[in-house]
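Containing PDB, C-alpha atoms and all ligand atoms: data_35.pdb.
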MODEL        1
ATOM      1  CA  MET A   2       0.000   0.000   0.000
ATOM      2  CA  THR A   3       2.671   2.522   1.024
ATOM      3  CA  HIS A   4       4.832   1.439  -1.840
ATOM      4  CA  SER A   5       2.184   2.143  -4.528
ATOM      5  CA  ILE A   6       1.541   5.707  -3.199
ATOM      6  CA  LEU A   7       5.236   6.510  -3.410
ATOM      7  CA  SER A   8       5.598   5.353  -6.985
ATOM      8  CA  ARG A   9       2.506   7.298  -8.066
ATOM      9  CA  ARG A  10       3.998  10.457  -6.541
ATOM     10  CA  ARG A  11       7.209   9.842  -8.446
ATOM     11  CA  LEU A  12       5.204   9.470 -11.671
ATOM     12  CA  LEU A  13       3.419  12.780 -11.067
ATOM     13  CA  LEU A  14       6.699  14.557 -10.499
ATOM     14  CA  GLY A  15       8.025  13.078 -13.702
ATOM     15  CA  SER A  16       5.121  14.366 -15.794
ATOM     16  CA  LEU A  17       5.353  17.794 -14.168
ATOM     17  CA  ALA A  18       9.009  18.119 -15.063
ATOM     18  CA  LEU A  19       8.351  17.484 -18.769
ATOM     19  CA  PRO A  20       6.635  20.810 -19.738
ATOM     20  CA  PHE A  21       9.477  22.765 -18.116
ATOM     21  CA  THR A  22      12.051  20.890 -20.164
ATOM     22  CA  ILE A  23      10.165  21.587 -23.400
ATOM     23  CA  SER A  24       9.750  25.332 -22.770
ATOM     24  CA  GLY A  25      13.447  25.561 -21.885
ATOM     25  CA  CYS A  26      14.314  24.028 -25.261
ATOM     26  CA  GLU A  27      12.077  26.423 -27.177
ATOM     27  CA  ARG A  28      13.627  29.424 -25.526
ATOM     28  CA  ARG A  29      17.103  28.243 -26.431
ATOM     29  CA  LEU A  30      16.142  27.529 -30.059
ATOM     30  CA  THR A  31      14.922  31.078 -30.769
ATOM     31  CA  SER A  32      18.214  32.647 -29.671
ATOM     32  CA  GLU A  33      20.333  30.117 -31.604
ATOM     33  CA  PRO A  34      21.632  31.021 -35.069
ATOM     34  CA  GLN A  35      19.196  30.032 -37.772
ATOM     35  CA  THR A  36      19.452  28.312 -41.104
ATOM     36  CA  VAL A  37      18.483  30.539 -44.015
ATOM     37  CA  ASP A  38      17.780  29.513 -47.600
ATOM     38  CA  LEU A  39      18.670  32.190 -50.162
ATOM     39  CA  PHE A  40      17.957  31.978 -53.881
ATOM     40  CA  ILE A  41      19.604  34.069 -56.577
ATOM     41  CA  GLU A  42      19.771  33.722 -60.346
ATOM     42  CA  SER A  43      21.104  35.445 -63.410
ATOM     43  CA  ASP A  44      18.612  37.866 -64.955
ATOM     44  CA  GLY A  45      17.914  35.586 -67.888
ATOM     45  CA  ASP A  46      20.617  36.246 -70.480
ATOM     46  CA  PHE A  47      21.415  39.707 -69.091
ATOM     47  CA  LEU A  48      24.636  40.330 -67.162
ATOM     48  CA  ALA A  49      22.872  40.925 -63.856
ATOM     49  CA  PHE A  50      21.762  39.104 -60.704
ATOM     50  CA  ARG A  51      18.118  38.790 -59.738
ATOM     51  CA  PRO A  52      17.739  39.912 -56.997
ATOM     52  CA  ASP A  53      20.894  42.004 -56.610
ATOM     53  CA  GLU A  54      20.414  42.393 -52.851
ATOM     54  CA  LEU A  55      20.295  39.575 -50.310
ATOM     55  CA  ARG A  56      19.797  39.709 -46.561
ATOM     56  CA  CYS A  57      20.558  37.420 -43.607
ATOM     57  CA  ARG A  58      21.487  37.548 -39.928
ATOM     58  CA  THR A  59      25.025  37.241 -38.671
ATOM     59  CA  GLY A  60      25.940  33.724 -37.573
ATOM     60  CA  ALA A  61      23.170  32.128 -39.630
ATOM     61  CA  THR A  62      23.913  29.026 -41.663
ATOM     62  CA  VAL A  63      23.179  30.240 -45.187
ATOM     63  CA  ARG A  64      22.232  27.682 -47.828
ATOM     64  CA  LEU A  65      22.545  29.578 -51.082
ATOM     65  CA  THR A  66      21.239  28.357 -54.421
ATOM     66  CA  PHE A  67      22.362  29.992 -57.655
ATOM     67  CA  HIS A  68      20.555  29.352 -60.930
ATOM     68  CA  HIS A  69      21.837  30.346 -64.364
ATOM     69  CA  SER A  70      18.563  31.293 -65.996
ATOM     70  CA  GLY A  71      20.037  32.133 -69.407
ATOM     71  CA  LYS A  72      18.420  30.506 -72.429
ATOM     72  CA  PHE A  73      20.365  31.720 -75.461
ATOM     73  CA  LEU A  74      23.904  32.839 -74.650
ATOM     74  CA  SER A  75      26.586  30.353 -73.665
ATOM     75  CA  ALA A  76      28.356  32.670 -71.163
ATOM     76  CA  LEU A  77      29.227  31.011 -67.861
ATOM     77  CA  HIS A  78      28.242  32.574 -64.534
ATOM     78  CA  ASN A  79      28.999  32.013 -60.875
ATOM     79  CA  TRP A  80      28.367  33.762 -57.568
ATOM     80  CA  VAL A  81      31.303  34.904 -55.409
ATOM     81  CA  LEU A  82      30.907  36.564 -51.983
ATOM     82  CA  VAL A  83      33.886  38.579 -50.750
ATOM     83  CA  MET A  84      34.974  40.800 -47.863
ATOM     84  CA  PRO A  85      34.042  44.511 -48.096
ATOM     85  CA  ASP A  86      36.011  46.415 -50.794
ATOM     86  CA  GLN A  87      37.520  43.194 -52.185
ATOM     87  CA  MET A  88      35.406  42.756 -55.326
ATOM     88  CA  GLU A  89      37.783  44.541 -57.721
ATOM     89  CA  PRO A  90      41.025  42.926 -56.482
ATOM     90  CA  VAL A  91      39.564  39.389 -56.356
ATOM     91  CA  ASP A  92      37.962  39.860 -59.778
ATOM     92  CA  LYS A  93      41.253  41.118 -61.189
ATOM     93  CA  ASP A  94      43.106  38.050 -59.874
ATOM     94  CA  ALA A  95      40.398  35.731 -61.243
ATOM     95  CA  GLU A  96      41.009  37.106 -64.736
ATOM     96  CA  LYS A  97      44.345  35.268 -64.745
ATOM     97  CA  THR A  98      42.613  31.934 -64.096
ATOM     98  CA  ASP A  99      39.713  32.412 -66.524
ATOM     99  CA  GLY A 100      37.387  33.325 -63.648
ATOM    100  CA  GLU A 101      38.224  30.390 -61.380
ATOM    101  CA  ILE A 102      38.343  31.273 -57.675
ATOM    102  CA  SER A 103      41.179  29.972 -55.517
ATOM    103  CA  PRO A 104      39.689  27.797 -52.727
ATOM    104  CA  ASP A 105      42.011  29.257 -50.093
ATOM    105  CA  ASP A 106      41.682  32.967 -50.900
ATOM    106  CA  PRO A 107      41.074  34.614 -47.473
ATOM    107  CA  ARG A 108      39.182  37.496 -49.154
ATOM    108  CA  VAL A 109      36.528  35.095 -50.428
ATOM    109  CA  ILE A 110      33.745  34.124 -47.990
ATOM    110  CA  ALA A 111      31.808  31.757 -50.256
ATOM    111  CA  TRP A 112      31.372  30.917 -53.920
ATOM    112  CA  VAL A 113      29.723  28.512 -56.318
ATOM    113  CA  PRO A 114      31.464  26.933 -59.315
ATOM    114  CA  MET A 115      31.018  28.297 -62.835
ATOM    115  CA  CYS A 116      27.879  27.009 -64.478
ATOM    116  CA  GLY A 117      26.240  27.116 -67.878
ATOM    117  CA  LYS A 118      22.686  28.078 -68.857
ATOM    118  CA  GLY A 119      19.972  26.142 -67.094
ATOM    119  CA  GLU A 120      22.273  24.853 -64.361
ATOM    120  CA  THR A 121      21.740  25.223 -60.616
ATOM    121  CA  VAL A 122      24.502  25.113 -58.008
ATOM    122  CA  ARG A 123      24.553  25.407 -54.226
ATOM    123  CA  THR A 124      26.881  26.392 -51.433
ATOM    124  CA  GLN A 125      26.671  26.724 -47.666
ATOM    125  CA  PHE A 126      28.448  29.163 -45.376
ATOM    126  CA  ILE A 127      28.173  30.887 -42.006
ATOM    127  CA  ALA A 128      27.064  34.527 -42.316
ATOM    128  CA  PRO A 129      29.955  36.799 -41.305
ATOM    129  CA  ALA A 130      29.921  39.798 -38.922
ATOM    130  CA  PRO A 131      27.210  42.443 -39.555
ATOM    131  CA  GLY A 132      27.960  44.585 -42.595
ATOM    132  CA  ASP A 133      27.518  44.877 -46.363
ATOM    133  CA  TYR A 134      29.374  42.272 -48.416
ATOM    134  CA  PRO A 135      29.722  42.470 -52.198
ATOM    135  CA  PHE A 136      29.053  39.498 -54.467
ATOM    136  CA  PHE A 137      29.776  39.221 -58.168
ATOM    137  CA  CYS A 138      30.301  36.889 -61.107
ATOM    138  CA  SER A 139      33.992  36.227 -61.723
ATOM    139  CA  THR A 140      33.749  35.399 -65.426
ATOM    140  CA  PRO A 141      36.219  37.922 -66.898
ATOM    141  CA  GLY A 142      34.378  41.157 -67.768
ATOM    142  CA  HIS A 143      31.124  40.297 -65.948
ATOM    143  CA  ALA A 144      31.673  41.823 -62.477
ATOM    144  CA  VAL A 145      31.180  45.404 -63.690
ATOM    145  CA  ASP A 146      27.504  44.676 -64.378
ATOM    146  CA  MET A 147      26.925  41.426 -62.553
ATOM    147  CA  ASN A 148      27.233  42.266 -58.869
ATOM    148  CA  GLY A 149      25.196  42.907 -55.741
ATOM    149  CA  ILE A 150      25.258  43.197 -51.962
ATOM    150  CA  LEU A 151      24.601  40.757 -49.117
ATOM    151  CA  HIS A 152      23.358  42.739 -46.110
ATOM    152  CA  VAL A 153      24.288  40.924 -42.900
ATOM    153  CA  THR A 154      22.229  42.241 -39.998
ATOM    154  CA  PRO A 155      23.008  41.899 -36.238
TER     155      PRO A 155
HETATM  156 CU    CU B 201      28.653  36.027 -65.300
ENDMDL
END
For the structure just supplied, provide its representation as structure tokens.
Ligand SMILES: [Cu+2]
Amino acid sequence: MTHSILSRRRLLLGSLALPFTISGCERRLTSEPQTVDLFIESDGDFLAFRPDELRCRTGATVRLTFHHSGKFLSALHNWVLVMPDQMEPVDKDAEKTDGEISPDDPRVIAWVPMCGKGETVRTQFIAPAPGDYPFFCSTPGHAVDMNGILHVTP
């Protein structure tokens, strides 16, 4: 008799503890960095990105998809995200390698490989410190028109 009362009390305590655990988890999840899916494409066959402005929060895991939406021209495009004020120098260096980006260039935050019309490529990176970061296409001659800004917010 005494034994069954004790175990029922233990059961009650166990079920009471559960809601507290769940609300604690929820609170922690909202303050944790989030995963963000961003989509960007070439403006059809034009030398431009659509959209040319992207936005995410600092620390977020960004899953970026780039689509080459050209239908007629065979020009290759990519998407290269660099540190502030580094678009021109990185683009200039990429001219020597036909637009290919060096995988260990510290000025480059993220990039997708060159792709032809109709192709879709993806990359993943952690959003850097708050600020405005330029992105561009590193096919020689494209960056002048084909560029944009990633706004990283606090
Ligand atoms: Cu391009």
- Message: Starting from the PyMOL selection byres (((not hetatm)) within 10 of (chain B and resi 201)), expand the selection into actual residues of this file and give them as a list in words.
- Response: Ser43, Asp46, Phe47, Leu48, Ala49, Phe50, His69, Ala76, Leu77, His78, Asn79, Trp80, Gly100, Met115, Cys116, Gly117, Phe137, Cys138, Ser139, Thr140, Pro141, Gly142, His143, Ala144, Val145, Asp146, Met147 and Asn148 of chain A
- Note on the structure: Here CA of Cys57 in chain A and CA of Gln87 in chain A stand apart by 19.9 Å
- Which one of A:Pro114, A:Phe73, A:Val37, A:Val109 sits closest to Met88 in chain A if you count all atoms listed in the file? A:Val109
- Just how far from CA of His68 in chain A is CA of Pro85 in chain A, in Å to one decimal?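 Between CA of Pro85 in chain A and CA of His68 in chain A the gap works out to 24.0 Å.
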- Find the residue from A:Val153, A:Ala130, A:Arg123, A:Lys118 that sits nearest to Phe40 in chain A; use only C-alpha atoms when measuring.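 Counting only C-alpha atoms, the residue closest to Phe40 in chain A is A:Arg123.
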- Provide the CA of Ile127 in chain A to CA of His152 in chain A distance in Å, to one decimal place. 13.4 Å
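The smallest atom-to-atom distance between Lys72 in chain A and any of A:Glu54, A:Gly119, A:Ile110, A:Asp38, using all atoms listed in the file, is found for A:Gly119.
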- Item | Polymer residues at most 12 Å from Pro129 in chain A, only C-alpha atoms, same-chain spacing of 6 or more positions, as a list in words |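 Neighbouring residues, sequence-local ones excluded: Pro34, Arg56, Cys57, Arg58, Thr59, Gly60, Ala61, Thr62, Val63, Leu82, Val83, Met84, Pro85, Val109, Ile110, Ala111, Leu151, His152, Val153, Thr154 and Pro155 of chain A.
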- Hey, what comes out of the PyMOL selection byres (((chain A and resi 121) around 6) and not hetatm) on this file? Could you write it as a list of chain:residue names? A:Phe67, A:His68, A:Glu120, A:Val122
- Item | Residue among A:Gly71, A:Phe136, A:Arg64, A:Trp112 lying closest to Thr36 in chain A, counting only C-alpha atoms |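 The shortest atom-to-atom distance to Thr36 in chain A comes from A:Arg64.
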Size and centre in Å, one decimal, axis-aligned box, all listed range 111-122 of chain A atoms plus 8 Å per side, as lines of an AutoDock Vina configuration file:
center_x = 25.9
center_y = 28.3
center_z = -59.6
size_x = 27.8
size_y = 22.9
size_z = 34.6
